[in-house]
2 protein chains.
Amino acid sequence: MTQDATPPTSNLQPPTSNLQLPTSSLRWWGWGTLDQSYDLSHRPNFWPLVHDRLGVSGEVVSPPIEFDTIPLPDSHLPHPDLSDLRRIFGEEAVRVDRLSRVVHAYGKSFRDLIRIRRGEVTHPPDAVVYPTDEAQIVALFVLAAQKHWHIIPFGGGSSVTGGLEPFAPRDALRINQPTITLDFARLNRVVSIDQTSHTATVQCGMLGPDLEAALNASGFTLGHFPQSFEFSTLGGWIATRSAGQTSIGYGKIEEMVERMRLISPRGAIDIKPLPASATGPNLLQLLVGSEGAFGVITEATLRIKPLPAARDYRGMLFHSFADGVDAIRELMQREIGVVMARLSDSNETGASLALSRAPTTRSARLRLRAGQWLIGRRGYDFASSCLMVIGTEGETDRVEKIKKAALEACQSHGGTNLGSSVGRSWLRERYALPYLRDDLLDRGIMIDTLETATTWSNLLDLYGALTRALEDAIAATGSKPFVMTHVSHAYHDGASLYTTFLGAQASDPIAQWWSVKRAATEAIMAQDGALSHHHGIGRDHAAWLAREHGELGLEAFRALKATFDPDGLLNRGVMNLDTD
Amino acid sequence: MTQDATPPTSNLQPPTSNLQLPTSSLRWWGWGTLDQSYDLSHRPNFWPLVHDRLGVSGEVVSPPIEFDTIPLPDSHLPHPDLSDLRRIFGEEAVRVDRLSRVVHAYGKSFRDLIRIRRGEVTHPPDAVVYPTDEAQIVALFVLAAQKHWHIIPFGGGSSVTGGLEPFAPRDALRINQPTITLDFARLNRVVSIDQTSHTATVQCGMLGPDLEAALNASGFTLGHFPQSFEFSTLGGWIATRSAGQTSIGYGKIEEMVERMRLISPRGAIDIKPLPASATGPNLLQLLVGSEGAFGVITEATLRIKPLPAARDYRGMLFHSFADGVDAIRELMQREIGVVMARLSDSNETGASLALSRAPTTRSARLRLRAGQWLIGRRGYDFASSCLMVIGTEGETDRVEKIKKAALEACQSHGGTNLGSSVGRSWLRERYALPYLRDDLLDRGIMIDTLETATTWSNLLDLYGALTRALEDAIAATGSKPFVMTHVSHAYHDGASLYTTFLGAQASDPIAQWWSVKRAATEAIMAQDGALSHHHGIGRDHAAWLAREHGELGLEAFRALKATFDPDGLLNRGVMNLDTD
């Protein structure tokens, strides 16, 4: 057992400025903020599990580089251009300092973190600008078209699909084309709340906690809680078709958006605020998911709901993954009304148990043992059982009724009620796990997640094929594989699978990761799963987009790209839309 | 009081063929089938209301022309081309007879019926073809590109937006370009039902009753019941973003479609069957609503639900339209779970009462009077009260709970329960009203409907502005206006309005109608309502599409059109997408 690696904060020099920018408090080399970490001190079973499954020692072998030693290339932006930018955005809102350029160089994928931890920041943006209004964005597009700049929209910086990386390989010939990152941190206001229509108009740069706090103060919630909640923005959610943990109850982000404004290099599109319409192709749903390639989303009007008066989150245990899947399917198809049903497979259930906090008092230890004994008595085998966390929110009496109906439905599939302490624990740690990834990277472990979706009738086949593909691909790199999955979001006709895979890093961890990622993606495509369920395409999935939608479908996207961004200023490489 | 006009069936010669085609049994001059009509014999209060409101006598003044006297232009299709078509589709499935060409010349809008009743069929299709597979459609596109044919996809023929008319005015120079109507009547099978995922794969030409019967036989329902249910097809529903009467519970058609196949002149697009994804713009929702301008929908996979074990439909009476609107809003925002809530304004409530069947027994008369007395005692004024029909479907105990909660919510807004006889009567006549239009046209009355949607906070303003605009515009044509509206479909954040307007026909009823239609559409656009909620754009709304979506939005649609149909073979004029 080891301690957390000491974060190399000593070299962090926040930009001297009155501007409070969220990125200045971020771990540039990993997830989240400098003042947080994943507390492993009361989880004695975790490192033994890692050792057992992956065969790694648990020693820190690959800590991040010291910030000052990153060999950062100079900005390509000539001084007169910098002056132009400062005239548009103001002195403070144009950043060319080291930290700003490093923090905006990558998202937070495994591949991104490996590179940044090694100090491989070969193509950082040449400047980062922070607009406060749309006119500044329009002015930037005008300049960019004149000067052949490449613009990268940046929300919270949490992309895990290569959505924020300045240069894709195909752009190798444009190596000296300046890249400007457009960070929306200062477009972070709730514009208005419509108490009658239950909608809120919000600027794109608002982070999850700020948005929820503002809505909560008016008695509402958006109900959108992705794992990245603390460090992702409304604009990013919409641009990538994000899903929150309670999407069963509140919908994916694309269902929440009633209206939005997008500024493209060709001008603004302002979607009408409508509950529904029949006016041709759905223009809104053609801009949602456009990942900054058609324009930048500046504000959106969102369907919001009253803050729930009550909520109930609890654990259920099933004899098998298949039983749990059947239970979720029944919950969905009978429209029981839960807002969340997350079902871990037996591997993930085991990992969750290993990560649970050890009881600190004698009575807690006794309660834990009694509970385990009881579950064993009921015939559940911890090695093969599957944990579901099920959530209900809403009016008090309705939560009671839904909970009862949901428990009955689960019990009819062999589920047993583990009670609400499991739910409380899940709620407490719902955003914490990505911090743990940094500890694993310190220890030379490859860890990544991916997600897909399919119909109920195809779900177990896809699950099996994906798990086998990952295990085989990791083993082929010489590492012991550990693959675990949960059903994360469920629908009438199917569900999503969220898979985490681990193995000891090979000597070239990025090549290793690509070989595993390719195998997993090929398995998903062969089994008709979604290329992505809620993380988007970015640059990492772009090569498969033509297989997802067909060549003609991709051609349609390219025709849209050419309409909105004919000069190719925006997010080159994303979604494989650039034809030059 | 007059009798129905005698339908001029005497001249109808169904094509001699073994092919059973739905269009052969249709009223070519009006709505529905030859064997049905709207029975006015037990509704003694209807014609007096019409006389009182519109000042028309109720005499038949403008019956439809005799079929044989329609001066139909000859087909422009040269004989060799006809032979080519017959080689592709087979002898029987290529029709050039008078009835086929007349029935396919128009949809069922007021403007269409005025013209066809007068025998003004100036641009009928030159041939009608009935594919049984996709290869035939592809072959047709190849021929059409070589020979510069114009192709019009045709489902049930119920379009009310000019969706089926061969020549828009802008095509005047192409007057001799042959038009081939592609009627999907023979693509009418359920391909498969997935009992696990609760989906059905269905061919596009299936009519509502056939589709429901097939699903019901397997224990399922689609739950899509537009007023045109009996005479509209799955492909037409998807192409125009149709909404069924129970859309609150089952969704609009675009929410039901999980997957579809579309054959464009550039090739097929087969959307992957997925419950949700994050793979760029939503390609499915870019094809849904494409109104036959991008390609033809050949089949779709639909989310289906178990046949409801129970249903409860009943009437509620409110003191005012505003009270009823508040009640529906509460039903939606508290997610009470009704599948339908249709609220008529006082004018429509009066018309519904005038259309109700007179009691035929003494005890029924007594019950009616006692009911009316009781409602009066409760303080409801029949001149200003508003009727809501509210429906609940599903598992038996849940229907009971939802009904109770819905009644409480309605009562808290001053609603009183009129009981289930109103609901039964509504269910019995849910598809009947369009037949009545033919009787009104016989009597020289202009009658049309239109629909829009907006947010809750804007709904009453839009309602007021639209009603005034219609009343003023009709009055400006010298006729007494009668305008009535109901809230037809409701959502979390808003609702749709469905408005019927009547007036005595002027000497040029089409010019009169256009002046009224323009005024209504301008009022809707000025008030930020949807250009259409569920009838689509067609040719009639095309001129406003750029205002609905902005010039850049329309440009995006045109870029898609150019991608899928670069030669402009399909549905010219629809949605204003043709640039040559």
# chains A, B, ... in the order shown; residues from 1 in each chain; ligands from 1

$ residues_around --residues "stretch 514-524 of chain A" --least-positions-apart "5" --cutoff "6 Å" --atoms "only C-alpha atoms" --output "list of chain:residue names"
A:Leu466, A:Ala469, A:Leu470, A:Ala473, A:Gly529

$ write_last_selection --atoms "N, CA and C atoms" --output "PDB file, in the first residue's frame"
ATOM      1  N   LEU A 466     -17.926  -7.388 -26.347  1.00  0.00           N
ATOM      2  CA  LEU A 466     -17.072  -6.258 -25.969  1.00  0.00           C
ATOM      3  C   LEU A 466     -16.097  -6.673 -24.869  1.00  0.00           C
ATOM      4  N   ALA A 469     -13.450  -8.918 -26.361  1.00  0.00           N
ATOM      5  CA  ALA A 469     -12.535  -8.167 -27.225  1.00  0.00           C
ATOM      6  C   ALA A 469     -11.529  -7.394 -26.388  1.00  0.00           C
ATOM      7  N   LEU A 470     -11.994  -6.777 -25.318  1.00  0.00           N
ATOM      8  CA  LEU A 470     -11.096  -5.995 -24.463  1.00  0.00           C
ATOM      9  C   LEU A 470     -10.096  -6.903 -23.750  1.00  0.00           C
ATOM     10  N   ALA A 473      -7.561  -8.159 -26.224  1.00  0.00           N
ATOM     11  CA  ALA A 473      -6.660  -7.123 -26.730  1.00  0.00           C
ATOM     12  C   ALA A 473      -5.655  -6.714 -25.661  1.00  0.00           C
ATOM     13  N   GLY A 529     -23.511  -1.916 -31.892  1.00  0.00           N
ATOM     14  CA  GLY A 529     -23.651  -0.966 -30.792  1.00  0.00           C
ATOM     15  C   GLY A 529     -23.406   0.456 -31.276  1.00  0.00           C
TER      16      GLY A 529
END

$ residues_around --residues "stretch 85-93 of chain B" --least-positions-apart "3" --cutoff "7 Å" --atoms "only C-alpha atoms" --output "PyMOL selection string"
chain B and resi 81-82+129-131+136

$ select_by_dssp --residues "stretch 435-567 of chain A" --states "alpha helix (DSSP H)" --output "MDAnalysis selection string"
chainID A and resid 435:442 456:476 509:526 545:564

$ write_last_selection --atoms "C-alpha atoms" --output "PDB file, in the first residue's frame"
ATOM      1  CA  TYR A 435      -9.601  11.264  -9.284  1.00  0.00           C
ATOM      2  CA  LEU A 436      -8.648   7.659  -8.637  1.00  0.00           C
ATOM      3  CA  ARG A 437      -7.499   7.382 -12.225  1.00  0.00           C
ATOM      4  CA  ASP A 438      -4.595   9.741 -11.461  1.00  0.00           C
ATOM      5  CA  ASP A 439      -3.441   7.396  -8.675  1.00  0.00           C
ATOM      6  CA  LEU A 440      -3.572   4.475 -11.077  1.00  0.00           C
ATOM      7  CA  LEU A 441      -1.606   6.373 -13.705  1.00  0.00           C
ATOM      8  CA  ASP A 442       1.035   7.142 -11.065  1.00  0.00           C
ATOM      9  CA  TRP A 456     -32.432  -4.922 -25.105  1.00  0.00           C
ATOM     10  CA  SER A 457     -32.443  -7.964 -27.352  1.00  0.00           C
ATOM     11  CA  ASN A 458     -28.818  -7.307 -28.327  1.00  0.00           C
ATOM     12  CA  LEU A 459     -27.486  -6.103 -24.978  1.00  0.00           C
ATOM     13  CA  LEU A 460     -26.019  -9.292 -23.507  1.00  0.00           C
ATOM     14  CA  ASP A 461     -24.461 -10.303 -26.825  1.00  0.00           C
ATOM     15  CA  LEU A 462     -22.802  -6.911 -27.155  1.00  0.00           C
ATOM     16  CA  TYR A 463     -21.693  -7.056 -23.530  1.00  0.00           C
ATOM     17  CA  GLY A 464     -20.095 -10.445 -24.058  1.00  0.00           C
ATOM     18  CA  ALA A 465     -18.408  -9.544 -27.332  1.00  0.00           C
ATOM     19  CA  LEU A 466     -17.072  -6.258 -25.969  1.00  0.00           C
ATOM     20  CA  THR A 467     -15.734  -7.832 -22.775  1.00  0.00           C
ATOM     21  CA  ARG A 468     -13.985 -10.620 -24.710  1.00  0.00           C
ATOM     22  CA  ALA A 469     -12.535  -8.167 -27.225  1.00  0.00           C
ATOM     23  CA  LEU A 470     -11.096  -5.995 -24.463  1.00  0.00           C
ATOM     24  CA  GLU A 471      -9.702  -8.914 -22.473  1.00  0.00           C
ATOM     25  CA  ASP A 472      -8.095 -10.422 -25.542  1.00  0.00           C
ATOM     26  CA  ALA A 473      -6.660  -7.123 -26.730  1.00  0.00           C
ATOM     27  CA  ILE A 474      -5.160  -6.267 -23.338  1.00  0.00           C
ATOM     28  CA  ALA A 475      -3.746  -9.766 -22.983  1.00  0.00           C
ATOM     29  CA  ALA A 476      -2.217  -9.418 -26.444  1.00  0.00           C
ATOM     30  CA  PRO A 509       1.199   2.962 -23.353  1.00  0.00           C
ATOM     31  CA  ILE A 510      -0.384   5.056 -26.116  1.00  0.00           C
ATOM     32  CA  ALA A 511       0.233   2.422 -28.792  1.00  0.00           C
ATOM     33  CA  GLN A 512      -1.005  -0.175 -26.312  1.00  0.00           C
ATOM     34  CA  TRP A 513      -4.131   1.867 -25.614  1.00  0.00           C
ATOM     35  CA  TRP A 514      -4.839   2.366 -29.327  1.00  0.00           C
ATOM     36  CA  SER A 515      -4.632  -1.359 -29.965  1.00  0.00           C
ATOM     37  CA  VAL A 516      -7.109  -2.009 -27.161  1.00  0.00           C
ATOM     38  CA  LYS A 517      -9.380   0.883 -28.152  1.00  0.00           C
ATOM     39  CA  ARG A 518      -9.433  -0.275 -31.763  1.00  0.00           C
ATOM     40  CA  ALA A 519     -10.345  -3.817 -30.784  1.00  0.00           C
ATOM     41  CA  ALA A 520     -13.148  -2.599 -28.514  1.00  0.00           C
ATOM     42  CA  THR A 521     -14.534  -0.237 -31.140  1.00  0.00           C
ATOM     43  CA  GLU A 522     -14.429  -2.925 -33.815  1.00  0.00           C
ATOM     44  CA  ALA A 523     -16.311  -5.268 -31.480  1.00  0.00           C
ATOM     45  CA  ILE A 524     -18.936  -2.597 -30.838  1.00  0.00           C
ATOM     46  CA  MET A 525     -19.345  -1.899 -34.542  1.00  0.00           C
ATOM     47  CA  ALA A 526     -19.532  -5.589 -35.414  1.00  0.00           C
ATOM     48  CA  LEU A 545     -18.066   7.714 -38.117  1.00  0.00           C
ATOM     49  CA  ALA A 546     -18.625   6.663 -41.720  1.00  0.00           C
ATOM     50  CA  ARG A 547     -19.351   3.136 -40.518  1.00  0.00           C
ATOM     51  CA  GLU A 548     -21.767   4.443 -37.900  1.00  0.00           C
ATOM     52  CA  HIS A 549     -23.808   6.554 -40.307  1.00  0.00           C
ATOM     53  CA  GLY A 550     -22.786   5.246 -43.739  1.00  0.00           C
ATOM     54  CA  GLU A 551     -20.757   7.181 -46.308  1.00  0.00           C
ATOM     55  CA  LEU A 552     -23.846   9.095 -47.372  1.00  0.00           C
ATOM     56  CA  GLY A 553     -24.641  10.014 -43.788  1.00  0.00           C
ATOM     57  CA  LEU A 554     -21.120  11.341 -43.294  1.00  0.00           C
ATOM     58  CA  GLU A 555     -21.461  13.229 -46.566  1.00  0.00           C
ATOM     59  CA  ALA A 556     -24.585  14.894 -45.181  1.00  0.00           C
ATOM     60  CA  PHE A 557     -22.625  16.003 -42.103  1.00  0.00           C
ATOM     61  CA  ARG A 558     -19.880  17.343 -44.355  1.00  0.00           C
ATOM     62  CA  ALA A 559     -22.421  19.289 -46.383  1.00  0.00           C
ATOM     63  CA  LEU A 560     -23.582  20.876 -43.136  1.00  0.00           C
ATOM     64  CA  LYS A 561     -19.990  21.624 -42.141  1.00  0.00           C
ATOM     65  CA  ALA A 562     -19.398  23.305 -45.504  1.00  0.00           C
ATOM     66  CA  THR A 563     -22.560  25.368 -45.016  1.00  0.00           C
ATOM     67  CA  PHE A 564     -21.759  26.611 -41.526  1.00  0.00           C
TER      68      PHE A 564
END

$ atom_distance --atom1 "atom CA of B:Val160" --atom2 "atom CA of B:Arg329"
28.7 Å

$ interface_residues --of "chain B" --to "chain A" --cutoff "7 Å" --atoms "only C-alpha atoms" --output "PyMOL selection string"
chain B and resi 196-199+240-241+269+271+274-282+285-290+303+453-457+491+493-495+530-537+549-550+552-553+556+559-560+563

$ residues_around --residues "B:Gln505" --least-positions-apart "2" --cutoff "7 Å" --atoms "only C-alpha atoms" --output "list in words"
Gly444, Ile445, Met446, Gly503, Ser507 and Pro509 of chain B

$ write_last_selection --atoms "N, CA, C and O atoms" --output "mmCIF file, in the first residue's frame"
data_model
loop_
_atom_site.group_PDB
_atom_site.id
_atom_site.type_symbol
_atom_site.label_atom_id
_atom_site.label_comp_id
_atom_site.auth_asym_id
_atom_site.auth_seq_id
_atom_site.Cartn_x
_atom_site.Cartn_y
_atom_site.Cartn_z
ATOM 1 N N GLY B 444 -71.098 25.546 -49.638
ATOM 2 C CA GLY B 444 -70.425 26.823 -49.921
ATOM 3 C C GLY B 444 -69.724 27.436 -48.730
ATOM 4 O O GLY B 444 -69.609 28.653 -48.623
ATOM 5 N N ILE B 445 -69.268 26.594 -47.837
ATOM 6 C CA ILE B 445 -68.595 27.111 -46.642
ATOM 7 C C ILE B 445 -67.087 26.884 -46.759
ATOM 8 O O ILE B 445 -66.648 25.804 -47.150
ATOM 9 N N MET B 446 -66.328 27.902 -46.449
ATOM 10 C CA MET B 446 -64.870 27.753 -46.327
ATOM 11 C C MET B 446 -64.594 27.152 -44.955
ATOM 12 O O MET B 446 -65.053 27.683 -43.931
ATOM 13 N N GLY B 503 -66.190 30.256 -42.676
ATOM 14 C CA GLY B 503 -66.847 31.464 -43.173
ATOM 15 C C GLY B 503 -67.529 31.106 -44.479
ATOM 16 O O GLY B 503 -67.180 30.098 -45.109
ATOM 17 N N SER B 507 -66.475 34.599 -53.805
ATOM 18 C CA SER B 507 -66.602 34.179 -55.205
ATOM 19 C C SER B 507 -65.342 33.429 -55.663
ATOM 20 O O SER B 507 -65.426 32.512 -56.465
ATOM 21 N N PRO B 509 -62.955 31.284 -53.793
ATOM 22 C CA PRO B 509 -62.669 30.736 -52.445
ATOM 23 C C PRO B 509 -61.190 30.449 -52.212
ATOM 24 O O PRO B 509 -60.738 30.484 -51.066
#

$ closest_residue --among "B:Ala200, B:Ala309, B:Met484, B:Val50" --to "B:Glu212" --atoms "only C-alpha atoms"
B:Ala200

$ residues_around --residues "A:Thr360" --least-positions-apart "4" --cutoff "12 Å" --atoms "only C-alpha atoms" --output "list in words"
Ser41, His42, Arg43, Pro44, Ser356, Ala364, Arg365, Leu366, Arg367 and Leu368 of chain A

$ atom_distance --atom1 "atom CA of A:Met340" --atom2 "atom CA of B:Leu222"
25.5 Å

$ decode --residues "stretch 178-189 of chain B" --atoms "all heavy atoms" --output "short mmCIF file (atom, residue, chain, number, x, y, z; two decimals), in the first residue's frame"
data_model
loop_
_atom_site.label_atom_id
_atom_site.label_comp_id
_atom_site.auth_asym_id
_atom_site.auth_seq_id
_atom_site.Cartn_x
_atom_site.Cartn_y
_atom_site.Cartn_z
N PRO B 178 -42.54 15.04 -67.11
CA PRO B 178 -43.46 14.03 -66.56
C PRO B 178 -43.31 13.88 -65.04
O PRO B 178 -42.20 13.97 -64.51
CB PRO B 178 -43.07 12.74 -67.28
CG PRO B 178 -42.39 13.18 -68.52
CD PRO B 178 -41.69 14.46 -68.15
N THR B 179 -44.42 13.66 -64.40
CA THR B 179 -44.43 13.42 -62.96
C THR B 179 -44.92 12.00 -62.70
O THR B 179 -45.95 11.58 -63.22
CB THR B 179 -45.39 14.41 -62.27
OG1 THR B 179 -44.91 15.73 -62.45
CG2 THR B 179 -45.48 14.10 -60.78
N ILE B 180 -44.14 11.28 -61.90
CA ILE B 180 -44.52 9.92 -61.54
C ILE B 180 -44.83 9.91 -60.04
O ILE B 180 -43.98 10.32 -59.24
CB ILE B 180 -43.37 8.92 -61.80
CG1 ILE B 180 -42.73 9.14 -63.18
CG2 ILE B 180 -43.84 7.48 -61.61
CD1 ILE B 180 -43.59 8.84 -64.35
N THR B 181 -46.00 9.48 -59.69
CA THR B 181 -46.31 9.35 -58.26
C THR B 181 -45.98 7.93 -57.81
O THR B 181 -46.33 6.95 -58.46
CB THR B 181 -47.79 9.69 -58.00
OG1 THR B 181 -47.97 11.09 -58.20
CG2 THR B 181 -48.16 9.35 -56.56
N LEU B 182 -45.25 7.89 -56.68
CA LEU B 182 -44.75 6.62 -56.14
C LEU B 182 -45.64 6.30 -54.93
O LEU B 182 -45.49 6.88 -53.87
CB LEU B 182 -43.30 6.87 -55.72
CG LEU B 182 -42.35 5.78 -55.31
CD1 LEU B 182 -42.29 4.66 -56.34
CD2 LEU B 182 -40.96 6.37 -55.10
N ASP B 183 -46.61 5.40 -55.14
CA ASP B 183 -47.59 5.09 -54.10
C ASP B 183 -47.14 3.82 -53.36
O ASP B 183 -46.91 2.78 -53.98
CB ASP B 183 -48.97 4.90 -54.76
CG ASP B 183 -50.08 4.69 -53.73
OD1 ASP B 183 -49.83 3.98 -52.71
OD2 ASP B 183 -51.19 5.20 -53.95
N PHE B 184 -47.00 3.92 -52.02
CA PHE B 184 -46.42 2.83 -51.23
C PHE B 184 -47.44 1.81 -50.72
O PHE B 184 -47.15 1.05 -49.80
CB PHE B 184 -45.64 3.42 -50.06
CG PHE B 184 -44.54 4.32 -50.51
CD1 PHE B 184 -44.64 5.70 -50.36
CD2 PHE B 184 -43.42 3.81 -51.15
CE1 PHE B 184 -43.64 6.54 -50.82
CE2 PHE B 184 -42.41 4.64 -51.61
CZ PHE B 184 -42.53 6.01 -51.44
N ALA B 185 -48.61 1.79 -51.36
CA ALA B 185 -49.69 0.94 -50.85
C ALA B 185 -49.31 -0.53 -50.74
O ALA B 185 -49.86 -1.26 -49.92
CB ALA B 185 -50.92 1.08 -51.75
N ARG B 186 -48.36 -0.97 -51.58
CA ARG B 186 -48.01 -2.40 -51.53
C ARG B 186 -46.81 -2.69 -50.63
O ARG B 186 -46.44 -3.84 -50.45
CB ARG B 186 -47.77 -2.92 -52.95
CG ARG B 186 -49.04 -2.84 -53.81
CD ARG B 186 -49.00 -3.85 -54.93
NE ARG B 186 -47.98 -3.52 -55.91
CZ ARG B 186 -47.56 -4.36 -56.85
NH1 ARG B 186 -48.05 -5.58 -56.93
NH2 ARG B 186 -46.65 -3.98 -57.72
N LEU B 187 -46.20 -1.65 -50.07
CA LEU B 187 -45.17 -1.87 -49.04
C LEU B 187 -45.89 -1.77 -47.69
O LEU B 187 -45.81 -0.76 -46.99
CB LEU B 187 -44.06 -0.82 -49.15
CG LEU B 187 -43.08 -1.01 -50.31
CD1 LEU B 187 -42.21 0.22 -50.51
CD2 LEU B 187 -42.20 -2.25 -50.07
N ASN B 188 -46.63 -2.80 -47.36
CA ASN B 188 -47.58 -2.67 -46.24
C ASN B 188 -47.55 -3.87 -45.29
O ASN B 188 -48.57 -4.35 -44.85
CB ASN B 188 -49.00 -2.47 -46.79
CG ASN B 188 -49.44 -3.66 -47.63
OD1 ASN B 188 -48.63 -4.51 -47.97
ND2 ASN B 188 -50.72 -3.70 -47.96
N ARG B 189 -46.31 -4.30 -44.96
CA ARG B 189 -46.16 -5.45 -44.07
C ARG B 189 -45.50 -5.04 -42.76
O ARG B 189 -44.66 -4.15 -42.74
CB ARG B 189 -45.23 -6.48 -44.72
CG ARG B 189 -45.91 -7.53 -45.56
CD ARG B 189 -44.91 -8.62 -45.98
NE ARG B 189 -43.60 -8.10 -46.35
CZ ARG B 189 -42.49 -8.39 -45.69
NH1 ARG B 189 -42.53 -9.16 -44.60
NH2 ARG B 189 -41.32 -7.90 -46.09
#
